[in-house]
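The next block is model.cif, given as mmCIF, N, CA and C atoms.
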data_final
#
loop_
_atom_site.label_atom_id
_atom_site.label_comp_id
_atom_site.auth_asym_id
_atom_site.auth_seq_id
_atom_site.Cartn_x
_atom_site.Cartn_y
_atom_site.Cartn_z
N MET N 10 41.01 -2.12 60.44
CA MET N 10 40.20 -1.01 59.97
C MET N 10 38.78 -1.52 59.68
N PRO N 11 37.77 -0.89 60.21
CA PRO N 11 36.38 -1.31 59.97
C PRO N 11 36.01 -1.14 58.50
N GLU N 12 35.15 -2.00 58.03
CA GLU N 12 34.62 -1.90 56.68
C GLU N 12 33.11 -2.00 56.74
N SER N 13 32.44 -1.33 55.79
CA SER N 13 30.99 -1.35 55.72
C SER N 13 30.55 -1.54 54.29
N LEU N 14 29.46 -2.28 54.13
CA LEU N 14 28.79 -2.42 52.84
C LEU N 14 27.30 -2.29 53.09
N GLN N 15 26.60 -1.68 52.15
CA GLN N 15 25.16 -1.57 52.29
C GLN N 15 24.52 -1.62 50.91
N GLN N 16 23.25 -2.03 50.90
CA GLN N 16 22.50 -2.09 49.65
C GLN N 16 21.03 -1.84 49.96
N PHE N 17 20.39 -1.09 49.06
CA PHE N 17 18.97 -0.79 49.17
C PHE N 17 18.17 -1.82 48.37
N PHE N 18 17.01 -2.19 48.90
CA PHE N 18 16.15 -3.18 48.25
C PHE N 18 14.72 -2.66 48.21
N GLU N 19 14.01 -3.02 47.15
CA GLU N 19 12.59 -2.71 47.06
C GLU N 19 11.84 -3.60 48.05
N ALA N 20 10.70 -3.12 48.50
CA ALA N 20 9.89 -3.87 49.47
C ALA N 20 9.05 -4.92 48.73
N ARG N 21 9.75 -5.95 48.24
CA ARG N 21 9.09 -7.08 47.55
C ARG N 21 9.66 -8.37 48.13
N ARG N 22 8.85 -9.41 48.09
CA ARG N 22 9.29 -10.70 48.64
C ARG N 22 10.59 -11.19 48.00
N GLN N 23 10.78 -10.94 46.71
CA GLN N 23 12.00 -11.39 46.03
C GLN N 23 13.24 -10.71 46.59
N SER N 24 13.06 -9.59 47.23
CA SER N 24 14.20 -8.85 47.79
C SER N 24 14.83 -9.57 48.97
N VAL N 25 14.09 -10.43 49.63
CA VAL N 25 14.66 -11.17 50.76
C VAL N 25 15.80 -12.06 50.27
N ARG N 26 15.58 -12.76 49.17
CA ARG N 26 16.64 -13.60 48.58
C ARG N 26 17.81 -12.73 48.15
N LYS N 27 17.53 -11.59 47.53
CA LYS N 27 18.59 -10.70 47.07
C LYS N 27 19.39 -10.15 48.26
N ALA N 28 18.71 -9.85 49.36
CA ALA N 28 19.41 -9.36 50.56
C ALA N 28 20.32 -10.44 51.12
N ARG N 29 19.84 -11.67 51.14
CA ARG N 29 20.65 -12.79 51.63
C ARG N 29 21.87 -12.99 50.72
N GLU N 30 21.69 -12.88 49.40
CA GLU N 30 22.81 -13.01 48.46
C GLU N 30 23.82 -11.88 48.64
N PHE N 31 23.33 -10.67 48.88
CA PHE N 31 24.21 -9.53 49.16
C PHE N 31 25.07 -9.83 50.39
N ALA N 32 24.43 -10.31 51.45
CA ALA N 32 25.17 -10.62 52.68
C ALA N 32 26.20 -11.72 52.43
N THR N 33 25.82 -12.73 51.68
CA THR N 33 26.75 -13.83 51.38
C THR N 33 27.98 -13.31 50.65
N ARG N 34 27.77 -12.47 49.65
CA ARG N 34 28.91 -11.91 48.91
C ARG N 34 29.80 -11.07 49.83
N ALA N 35 29.19 -10.26 50.68
CA ALA N 35 29.97 -9.42 51.59
C ALA N 35 30.79 -10.28 52.55
N LEU N 36 30.15 -11.26 53.16
CA LEU N 36 30.84 -12.11 54.14
C LEU N 36 31.94 -12.94 53.47
N ASP N 37 31.66 -13.46 52.28
CA ASP N 37 32.69 -14.19 51.53
C ASP N 37 33.87 -13.28 51.20
N GLY N 38 33.57 -12.06 50.79
CA GLY N 38 34.62 -11.10 50.45
C GLY N 38 35.49 -10.75 51.64
N TRP N 39 34.91 -10.78 52.82
CA TRP N 39 35.66 -10.50 54.04
C TRP N 39 36.35 -11.74 54.59
N GLY N 40 36.10 -12.89 53.97
CA GLY N 40 36.73 -14.12 54.44
C GLY N 40 36.09 -14.68 55.69
N LEU N 41 34.88 -14.29 56.00
CA LEU N 41 34.23 -14.77 57.21
C LEU N 41 33.67 -16.17 56.98
N THR N 42 33.98 -17.07 57.88
CA THR N 42 33.44 -18.42 57.79
C THR N 42 32.72 -18.84 59.06
N SER N 43 33.08 -18.25 60.19
CA SER N 43 32.59 -18.78 61.46
C SER N 43 31.12 -18.50 61.75
N ARG N 44 30.54 -17.43 61.26
CA ARG N 44 29.16 -17.07 61.62
C ARG N 44 28.28 -16.84 60.39
N THR N 45 28.75 -17.24 59.23
CA THR N 45 28.05 -16.93 57.99
C THR N 45 26.60 -17.39 57.99
N GLU N 46 26.33 -18.61 58.38
CA GLU N 46 24.96 -19.12 58.32
C GLU N 46 24.05 -18.41 59.32
N ASP N 47 24.57 -18.10 60.50
CA ASP N 47 23.78 -17.35 61.48
C ASP N 47 23.40 -15.98 60.92
N ILE N 48 24.37 -15.30 60.33
CA ILE N 48 24.14 -13.96 59.79
C ILE N 48 23.17 -14.02 58.61
N ARG N 49 23.37 -14.98 57.72
CA ARG N 49 22.46 -15.11 56.56
C ARG N 49 21.02 -15.35 57.01
N LEU N 50 20.82 -16.19 58.00
CA LEU N 50 19.47 -16.45 58.48
C LEU N 50 18.87 -15.19 59.11
N CYS N 51 19.66 -14.45 59.85
CA CYS N 51 19.16 -13.21 60.44
C CYS N 51 18.84 -12.16 59.36
N VAL N 52 19.66 -12.08 58.32
CA VAL N 52 19.34 -11.19 57.20
C VAL N 52 17.98 -11.57 56.62
N SER N 53 17.76 -12.86 56.40
CA SER N 53 16.48 -13.32 55.85
C SER N 53 15.31 -12.92 56.74
N GLU N 54 15.45 -13.15 58.02
CA GLU N 54 14.36 -12.86 58.95
C GLU N 54 14.08 -11.36 59.03
N LEU N 55 15.13 -10.55 59.16
CA LEU N 55 14.93 -9.12 59.29
C LEU N 55 14.46 -8.49 57.98
N ALA N 56 14.95 -8.98 56.85
CA ALA N 56 14.47 -8.49 55.55
C ALA N 56 13.00 -8.86 55.34
N THR N 57 12.62 -10.06 55.74
CA THR N 57 11.22 -10.47 55.63
C THR N 57 10.35 -9.56 56.48
N ASN N 58 10.77 -9.28 57.70
CA ASN N 58 10.02 -8.37 58.56
C ASN N 58 9.91 -6.98 57.95
N ALA N 59 10.99 -6.50 57.33
CA ALA N 59 10.94 -5.19 56.69
C ALA N 59 9.92 -5.17 55.56
N VAL N 60 9.91 -6.22 54.75
CA VAL N 60 8.97 -6.29 53.63
C VAL N 60 7.53 -6.38 54.13
N LEU N 61 7.29 -7.25 55.10
CA LEU N 61 5.92 -7.50 55.55
C LEU N 61 5.37 -6.45 56.51
N HIS N 62 6.24 -5.87 57.36
CA HIS N 62 5.74 -5.01 58.43
C HIS N 62 6.41 -3.64 58.50
N GLY N 63 7.60 -3.48 57.94
CA GLY N 63 8.39 -2.29 58.22
C GLY N 63 8.44 -1.22 57.16
N THR N 64 7.89 -1.48 55.99
CA THR N 64 8.02 -0.49 54.93
C THR N 64 6.67 0.15 54.61
N ALA N 65 6.69 1.46 54.54
CA ALA N 65 5.50 2.20 54.11
C ALA N 65 5.40 2.09 52.58
N PRO N 66 4.21 2.27 52.03
CA PRO N 66 4.05 2.20 50.57
C PRO N 66 5.03 3.15 49.87
N GLY N 67 5.67 2.65 48.83
CA GLY N 67 6.62 3.43 48.08
C GLY N 67 8.02 3.48 48.65
N HIS N 68 8.24 2.81 49.77
CA HIS N 68 9.56 2.78 50.41
C HIS N 68 10.12 1.37 50.37
N GLY N 69 11.43 1.27 50.41
CA GLY N 69 12.10 -0.02 50.49
C GLY N 69 12.82 -0.15 51.81
N PHE N 70 13.87 -0.96 51.81
CA PHE N 70 14.65 -1.15 53.03
C PHE N 70 16.12 -1.26 52.67
N LEU N 71 16.95 -0.99 53.64
CA LEU N 71 18.40 -1.00 53.46
C LEU N 71 19.00 -2.06 54.36
N VAL N 72 19.94 -2.82 53.81
CA VAL N 72 20.71 -3.78 54.61
C VAL N 72 22.14 -3.26 54.65
N ARG N 73 22.67 -3.18 55.85
CA ARG N 73 24.04 -2.71 56.06
C ARG N 73 24.79 -3.75 56.88
N LEU N 74 26.01 -4.04 56.48
CA LEU N 74 26.90 -4.93 57.21
C LEU N 74 28.18 -4.18 57.52
N ASP N 75 28.60 -4.24 58.77
CA ASP N 75 29.86 -3.65 59.20
C ASP N 75 30.70 -4.76 59.81
N ILE N 76 31.97 -4.76 59.48
CA ILE N 76 32.88 -5.73 60.10
C ILE N 76 34.02 -4.96 60.73
N ASP N 77 34.38 -5.40 61.92
CA ASP N 77 35.46 -4.79 62.67
C ASP N 77 36.38 -5.91 63.13
N ASP N 78 37.27 -5.62 64.02
CA ASP N 78 38.27 -6.59 64.43
C ASP N 78 37.71 -7.91 64.93
N ASN N 79 36.57 -7.87 65.60
CA ASN N 79 36.07 -9.13 66.13
C ASN N 79 34.54 -9.26 66.12
N CYS N 80 33.89 -8.52 65.24
CA CYS N 80 32.44 -8.71 65.13
C CYS N 80 31.91 -8.23 63.79
N VAL N 81 30.73 -8.73 63.49
CA VAL N 81 29.96 -8.26 62.34
C VAL N 81 28.68 -7.68 62.91
N ARG N 82 28.31 -6.52 62.41
CA ARG N 82 27.06 -5.89 62.80
C ARG N 82 26.17 -5.85 61.57
N LEU N 83 24.96 -6.34 61.74
CA LEU N 83 23.94 -6.33 60.70
C LEU N 83 22.90 -5.30 61.07
N GLU N 84 22.52 -4.47 60.12
CA GLU N 84 21.43 -3.53 60.32
C GLU N 84 20.46 -3.66 59.17
N VAL N 85 19.17 -3.58 59.49
CA VAL N 85 18.12 -3.47 58.48
C VAL N 85 17.34 -2.20 58.81
N HIS N 86 17.36 -1.25 57.87
CA HIS N 86 16.69 0.03 58.02
C HIS N 86 15.37 -0.05 57.27
N ASP N 87 14.28 0.37 57.91
CA ASP N 87 13.01 0.42 57.20
C ASP N 87 12.34 1.76 57.47
N SER N 88 11.12 1.94 56.95
CA SER N 88 10.50 3.27 56.95
C SER N 88 9.38 3.46 57.97
N ARG N 89 9.13 2.48 58.80
CA ARG N 89 8.08 2.63 59.81
C ARG N 89 8.69 2.62 61.21
N ARG N 90 8.17 3.47 62.08
CA ARG N 90 8.67 3.55 63.45
C ARG N 90 8.06 2.48 64.35
N GLN N 91 7.05 1.79 63.88
CA GLN N 91 6.40 0.77 64.71
C GLN N 91 7.44 -0.23 65.19
N GLN N 92 7.52 -0.38 66.50
CA GLN N 92 8.51 -1.27 67.11
C GLN N 92 8.12 -2.74 66.91
N PRO N 93 9.08 -3.58 66.60
CA PRO N 93 8.77 -5.00 66.43
C PRO N 93 8.48 -5.65 67.78
N VAL N 94 7.72 -6.71 67.73
CA VAL N 94 7.34 -7.43 68.94
C VAL N 94 7.81 -8.87 68.82
N VAL N 95 8.53 -9.34 69.82
CA VAL N 95 8.93 -10.74 69.86
C VAL N 95 7.69 -11.53 70.27
N ARG N 96 7.30 -12.45 69.41
CA ARG N 96 6.09 -13.23 69.66
C ARG N 96 6.45 -14.60 70.20
N GLU N 97 5.49 -15.22 70.81
CA GLU N 97 5.62 -16.61 71.24
C GLU N 97 4.56 -17.41 70.50
N PRO N 98 4.88 -17.81 69.25
CA PRO N 98 3.88 -18.50 68.45
C PRO N 98 3.60 -19.91 68.97
N ALA N 99 2.42 -20.37 68.68
CA ALA N 99 2.07 -21.76 69.00
C ALA N 99 2.85 -22.68 68.07
N ALA N 100 2.98 -23.91 68.47
CA ALA N 100 3.72 -24.89 67.67
C ALA N 100 3.14 -25.05 66.27
N THR N 101 1.87 -24.77 66.10
CA THR N 101 1.22 -24.94 64.80
C THR N 101 1.27 -23.67 63.95
N ASP N 102 1.71 -22.54 64.50
CA ASP N 102 1.82 -21.30 63.73
C ASP N 102 2.92 -21.43 62.68
N VAL N 103 2.66 -20.87 61.50
CA VAL N 103 3.65 -20.97 60.41
C VAL N 103 4.53 -19.72 60.32
N SER N 104 4.30 -18.75 61.17
CA SER N 104 5.13 -17.54 61.17
C SER N 104 5.24 -17.02 62.60
N GLY N 105 6.01 -15.94 62.76
CA GLY N 105 6.11 -15.30 64.06
C GLY N 105 7.34 -15.65 64.86
N ARG N 106 8.32 -16.30 64.23
CA ARG N 106 9.52 -16.72 64.96
C ARG N 106 10.78 -15.93 64.59
N GLY N 107 10.64 -14.96 63.71
CA GLY N 107 11.80 -14.24 63.18
C GLY N 107 12.67 -13.60 64.23
N LEU N 108 12.09 -12.78 65.10
CA LEU N 108 12.90 -12.11 66.11
C LEU N 108 13.41 -13.07 67.17
N THR N 109 12.68 -14.13 67.41
CA THR N 109 13.16 -15.16 68.34
C THR N 109 14.42 -15.81 67.77
N LEU N 110 14.44 -16.06 66.46
CA LEU N 110 15.64 -16.60 65.82
C LEU N 110 16.79 -15.61 65.87
N VAL N 111 16.51 -14.35 65.60
CA VAL N 111 17.56 -13.33 65.65
C VAL N 111 18.16 -13.27 67.05
N ALA N 112 17.31 -13.29 68.06
CA ALA N 112 17.80 -13.25 69.45
C ALA N 112 18.63 -14.47 69.78
N ALA N 113 18.24 -15.62 69.26
CA ALA N 113 18.96 -16.86 69.56
C ALA N 113 20.29 -16.96 68.81
N LEU N 114 20.36 -16.45 67.59
CA LEU N 114 21.54 -16.62 66.76
C LEU N 114 22.59 -15.51 66.93
N SER N 115 22.15 -14.33 67.30
CA SER N 115 23.09 -13.22 67.43
C SER N 115 23.57 -13.10 68.88
N ASP N 116 24.65 -12.38 69.05
CA ASP N 116 25.16 -12.16 70.40
C ASP N 116 24.41 -11.04 71.10
N GLU N 117 23.80 -10.18 70.32
CA GLU N 117 23.02 -9.09 70.87
C GLU N 117 22.21 -8.49 69.73
N TRP N 118 21.05 -7.91 70.04
CA TRP N 118 20.26 -7.24 69.02
C TRP N 118 19.43 -6.15 69.68
N GLY N 119 18.92 -5.25 68.86
CA GLY N 119 18.10 -4.16 69.38
C GLY N 119 17.46 -3.37 68.26
N VAL N 120 16.76 -2.32 68.66
CA VAL N 120 16.04 -1.46 67.73
C VAL N 120 16.30 -0.02 68.13
N ARG N 121 16.47 0.84 67.15
CA ARG N 121 16.57 2.27 67.44
C ARG N 121 15.88 3.05 66.33
N ASP N 122 15.43 4.24 66.66
CA ASP N 122 14.78 5.10 65.68
C ASP N 122 15.77 5.54 64.61
N ARG N 123 15.25 5.78 63.44
CA ARG N 123 16.04 6.24 62.31
C ARG N 123 15.54 7.62 61.91
N THR N 124 16.45 8.52 61.62
CA THR N 124 16.08 9.88 61.21
C THR N 124 16.19 9.98 59.70
N PRO N 125 15.22 10.51 59.01
CA PRO N 125 14.07 11.25 59.49
C PRO N 125 12.85 10.38 59.80
N LEU N 126 12.86 9.12 59.36
CA LEU N 126 11.72 8.26 59.66
C LEU N 126 12.18 6.82 59.71
N GLY N 127 11.38 6.01 60.35
CA GLY N 127 11.65 4.58 60.37
C GLY N 127 12.45 4.14 61.58
N LYS N 128 13.01 2.95 61.43
CA LYS N 128 13.79 2.35 62.52
C LYS N 128 14.92 1.53 61.94
N ILE N 129 15.82 1.17 62.80
CA ILE N 129 16.94 0.29 62.46
C ILE N 129 16.88 -0.88 63.43
N ILE N 130 16.79 -2.07 62.89
CA ILE N 130 16.91 -3.27 63.72
C ILE N 130 18.32 -3.79 63.49
N TRP N 131 19.07 -3.95 64.55
CA TRP N 131 20.47 -4.35 64.42
C TRP N 131 20.72 -5.63 65.22
N SER N 132 21.72 -6.33 64.77
CA SER N 132 22.20 -7.48 65.53
C SER N 132 23.70 -7.56 65.32
N ARG N 133 24.38 -8.14 66.28
CA ARG N 133 25.83 -8.26 66.13
C ARG N 133 26.26 -9.67 66.45
N PHE N 134 27.36 -10.04 65.82
CA PHE N 134 27.86 -11.41 65.87
C PHE N 134 29.35 -11.36 66.11
N LYS N 135 29.79 -11.91 67.23
CA LYS N 135 31.22 -12.00 67.48
C LYS N 135 31.80 -13.01 66.52
N THR N 136 32.96 -12.69 65.98
CA THR N 136 33.62 -13.62 65.07
C THR N 136 34.74 -14.33 65.82
N VAL N 137 35.24 -15.37 65.20
CA VAL N 137 36.24 -16.20 65.86
C VAL N 137 37.60 -15.99 65.21
N GLY N 138 37.87 -14.76 64.80
CA GLY N 138 39.19 -14.44 64.30
C GLY N 138 39.42 -14.64 62.83
N ASP N 139 38.50 -15.30 62.10
CA ASP N 139 38.78 -15.58 60.70
C ASP N 139 38.80 -14.31 59.85
N ALA N 140 37.67 -13.67 59.67
CA ALA N 140 37.64 -12.48 58.84
C ALA N 140 38.33 -11.31 59.52
N ALA N 141 38.16 -11.21 60.79
CA ALA N 141 38.72 -10.08 61.51
C ALA N 141 40.23 -10.00 61.31
N GLN N 142 40.90 -11.12 61.35
CA GLN N 142 42.35 -11.09 61.22
C GLN N 142 42.79 -10.90 59.78
N SER N 143 41.93 -11.25 58.81
CA SER N 143 42.32 -11.02 57.43
C SER N 143 42.17 -9.55 57.05
N ILE N 144 41.37 -8.80 57.81
CA ILE N 144 41.18 -7.39 57.52
C ILE N 144 42.24 -6.54 58.22
N SER N 145 42.47 -6.80 59.48
CA SER N 145 43.44 -6.03 60.22
C SER N 145 43.91 -6.86 61.41
N PRO N 146 45.09 -6.53 61.95
CA PRO N 146 45.55 -7.28 63.11
C PRO N 146 44.63 -7.03 64.30
N PRO N 147 44.54 -7.99 65.22
CA PRO N 147 43.70 -7.80 66.39
C PRO N 147 44.16 -6.62 67.23
N VAL N 148 43.22 -5.95 67.84
CA VAL N 148 43.53 -4.83 68.72
C VAL N 148 43.74 -5.38 70.12
N PRO N 149 44.87 -5.10 70.77
CA PRO N 149 45.12 -5.63 72.11
C PRO N 149 44.06 -5.17 73.11
N ASN N 150 43.71 -6.05 74.04
CA ASN N 150 42.78 -5.75 75.13
C ASN N 150 41.40 -5.33 74.66
N ARG N 151 40.98 -5.81 73.53
CA ARG N 151 39.66 -5.47 73.02
C ARG N 151 38.82 -6.74 72.99
N ASP N 152 37.90 -6.88 73.92
CA ASP N 152 37.11 -8.10 74.03
C ASP N 152 35.78 -8.01 73.34
N ASP N 153 35.41 -6.85 72.86
CA ASP N 153 34.07 -6.68 72.32
C ASP N 153 34.11 -5.70 71.18
N CYS N 154 33.03 -5.64 70.44
CA CYS N 154 32.93 -4.67 69.37
C CYS N 154 31.93 -3.61 69.77
N PRO N 155 31.97 -2.43 69.14
CA PRO N 155 31.05 -1.36 69.53
C PRO N 155 29.62 -1.72 69.17
N LEU N 156 28.71 -1.23 69.97
CA LEU N 156 27.29 -1.48 69.71
C LEU N 156 26.71 -0.50 68.72
N GLU N 157 27.27 0.65 68.60
CA GLU N 157 26.76 1.65 67.67
C GLU N 157 27.68 1.75 66.47
N VAL N 158 27.09 2.02 65.32
CA VAL N 158 27.87 2.20 64.10
C VAL N 158 28.65 3.50 64.21
N ARG N 159 29.87 3.45 63.80
CA ARG N 159 30.71 4.66 63.84
C ARG N 159 30.38 5.58 62.71
#

Just give me the structure of the file as structure tokens.
Amino acid sequence: MPESLQQFFEARRQSVRKAREFATRALDGWGLTSRTEDIRLCVSELATNAVLHGTAPGHGFLVRLDIDDNCVRLEVHDSRRQQPVVREPAATDVSGRGLTLVAALSDEWGVRDRTPLGKIIWSRFKTVGDAAQSISPPVPNRDDCPLEVR
């Protein structure tokens, strides 16, 4: 049976740490061990992007985690429709690698519009049976997890 957890955060730099702690608690509670560090780093990167680029004044951001039989889906919802851009920073640049890291660490990622405003940046991570099997038995002939939240 799929499970979901979500938490809203203010658009402040301190919220990035709080979002990462939220994800850690959720993943620990689900018994996930195989992809925890990848997911935590992606939470940090996407939450940072939400704080710096994705939130309109007076708005915050939402972090949602969904776990199913064989994957974890991470979503970060923010209040601006401006699409993120994957940059190719110079070796001396101190920022601009967030989406490159998300693309490298996740099995898939993307962006979609959010109603009534904003966007959702999502990424998904196939698990290696640890948390998935503690939540529910594996589903026969299911090699992948859904790309869209149910």

For atom CA of N:Lys128 and atom N of N:Cys80, the interatomic separation in Å (one decimal): 23.0 Å

What lies within 10 Å of N:Leu126 using only C-alpha atoms, ignoring chain neighbours under 4 positions off, as a PDB file with N, CA and C atoms, in the coordinates of the input?
ATOM      1  N   HIS N  86      17.360  -1.250  57.870  1.00  0.00           N
ATOM      2  CA  HIS N  86      16.690   0.030  58.020  1.00  0.00           C
ATOM      3  C   HIS N  86      15.370  -0.050  57.270  1.00  0.00           C
ATOM      4  N   ASP N  87      14.280   0.370  57.910  1.00  0.00           N
ATOM      5  CA  ASP N  87      13.010   0.420  57.200  1.00  0.00           C
ATOM      6  C   ASP N  87      12.340   1.760  57.470  1.00  0.00           C
ATOM      7  N   SER N  88      11.120   1.940  56.950  1.00  0.00           N
ATOM      8  CA  SER N  88      10.500   3.270  56.950  1.00  0.00           C
ATOM      9  C   SER N  88       9.380   3.460  57.970  1.00  0.00           C
ATOM     10  N   ARG N  89       9.130   2.480  58.800  1.00  0.00           N
ATOM     11  CA  ARG N  89       8.080   2.630  59.810  1.00  0.00           C
ATOM     12  C   ARG N  89       8.690   2.620  61.210  1.00  0.00           C
ATOM     13  N   ARG N  90       8.170   3.470  62.080  1.00  0.00           N
ATOM     14  CA  ARG N  90       8.670   3.550  63.450  1.00  0.00           C
ATOM     15  C   ARG N  90       8.060   2.480  64.350  1.00  0.00           C
ATOM     16  N   ASP N 122      15.430   4.240  66.660  1.00  0.00           N
ATOM     17  CA  ASP N 122      14.780   5.100  65.680  1.00  0.00           C
ATOM     18  C   ASP N 122      15.770   5.540  64.610  1.00  0.00           C
TER      19      ASP N 122
END

Spatial sel., origin (35.5, -5.8, 56.8), limit 7 Å, only C-alpha atoms, listed as number ranges by chain: N: 11-13, 39, 75-77, 144

Please write the residues from the selection above to a file, keeping N, CA and C atoms, as a compact mmCIF listing (two decimals), in the coordinates of the input.
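Heads up, here's the output in selection.txt:
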# COMPACT_ATOMS: atom_id res chain seq x y z
N PRO N 11 37.77 -0.89 60.21
CA PRO N 11 36.38 -1.31 59.97
C PRO N 11 36.01 -1.14 58.50
N GLU N 12 35.15 -2.00 58.03
CA GLU N 12 34.62 -1.90 56.68
C GLU N 12 33.11 -2.00 56.74
N SER N 13 32.44 -1.33 55.79
CA SER N 13 30.99 -1.35 55.72
C SER N 13 30.55 -1.54 54.29
N TRP N 39 34.91 -10.78 52.82
CA TRP N 39 35.66 -10.50 54.04
C TRP N 39 36.35 -11.74 54.59
N ASP N 75 28.60 -4.24 58.77
CA ASP N 75 29.86 -3.65 59.20
C ASP N 75 30.70 -4.76 59.81
N ILE N 76 31.97 -4.76 59.48
CA ILE N 76 32.88 -5.73 60.10
C ILE N 76 34.02 -4.96 60.73
N ASP N 77 34.38 -5.40 61.92
CA ASP N 77 35.46 -4.79 62.67
C ASP N 77 36.38 -5.91 63.13
N ILE N 144 41.37 -8.80 57.81
CA ILE N 144 41.18 -7.39 57.52
C ILE N 144 42.24 -6.54 58.22

Atom CA of N:Leu71 to atom N of N:Glu19, straight-line distance in Å: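 Between these atoms lies a distance of 7.9 Å.
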
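Relative to atom C of N:Gln91, atom C of N:Arg123 is found at 11.7 Å.
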
Long-range neighbours of N:Arg29 as a PyMOL selection string, 6 Å cut-off, only C-alpha atoms, 2 positions minimum in chain: chain N and resi 26-27+31-32+49+52-53

What's the 8 Å shell around N:Arg21, counting all atoms listed in the file, without same-chain residues fewer than 5 positions away, as an mmCIF file with N, CA and C atoms, in the frame of the given file?
data_model
loop_
_atom_site.group_PDB
_atom_site.id
_atom_site.type_symbol
_atom_site.label_atom_id
_atom_site.label_comp_id
_atom_site.auth_asym_id
_atom_site.auth_seq_id
_atom_site.Cartn_x
_atom_site.Cartn_y
_atom_site.Cartn_z
ATOM 1 N N ARG N 26 15.580 -12.760 49.170
ATOM 2 C CA ARG N 26 16.640 -13.600 48.580
ATOM 3 C C ARG N 26 17.810 -12.730 48.150
ATOM 4 N N ALA N 56 14.950 -8.980 56.850
ATOM 5 C CA ALA N 56 14.470 -8.490 55.550
ATOM 6 C C ALA N 56 13.000 -8.860 55.340
ATOM 7 N N THR N 57 12.620 -10.060 55.740
ATOM 8 C CA THR N 57 11.220 -10.470 55.630
ATOM 9 C C THR N 57 10.350 -9.560 56.480
ATOM 10 N N ALA N 59 10.990 -6.500 57.330
ATOM 11 C CA ALA N 59 10.940 -5.190 56.690
ATOM 12 C C ALA N 59 9.920 -5.170 55.560
ATOM 13 N N VAL N 60 9.910 -6.220 54.750
ATOM 14 C CA VAL N 60 8.970 -6.290 53.630
ATOM 15 C C VAL N 60 7.530 -6.380 54.130
ATOM 16 N N LEU N 61 7.290 -7.250 55.100
ATOM 17 C CA LEU N 61 5.920 -7.500 55.550
ATOM 18 C C LEU N 61 5.370 -6.450 56.510
ATOM 19 N N HIS N 68 8.240 2.810 49.770
ATOM 20 C CA HIS N 68 9.560 2.780 50.410
ATOM 21 C C HIS N 68 10.120 1.370 50.370
ATOM 22 N N GLY N 69 11.430 1.270 50.410
ATOM 23 C CA GLY N 69 12.100 -0.020 50.490
ATOM 24 C C GLY N 69 12.820 -0.150 51.810
ATOM 25 N N PHE N 70 13.870 -0.960 51.810
ATOM 26 C CA PHE N 70 14.650 -1.150 53.030
ATOM 27 C C PHE N 70 16.120 -1.260 52.670
#

Explicit residues for the PyMOL selection byres (((chain N and resi 109 and name CA) around 12) and name CA) (as an MDAnalysis selection string): chainID N and resid 50:51 54:55 93:98 104:108 110:115 117:118

Pick from N:Ser43, N:Gly38, N:Gly63, N:Glu30 nearest to N:Val137, counting all atoms listed in the file: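 Distance minimum relative to N:Val137 lands on N:Ser43.
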
Filtered DSSP result for chain N, state strand (DSSP E or B), as a PyMOL selection string: chain N and resi 12-18+70-76+80-87+117-122+128-135

Alpha helix (DSSP H) positions in stretch 20-135 of chain N, given as a PyMOL selection string: chain N and resi 23-38+45-58+107-114

Nearest candidate to N:Gln15 (options N:Leu41, N:Leu36, N:Val72, N:Ile129; using only N, CA and C atoms):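 Smallest distance to N:Gln15 is found for N:Val72.
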
Counting only C-alpha atoms, the residue of N:Arg73, N:Gln23, N:Ala35, N:Thr45 that sits nearest N:Trp131: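 Nearest to N:Trp131: N:Arg73.
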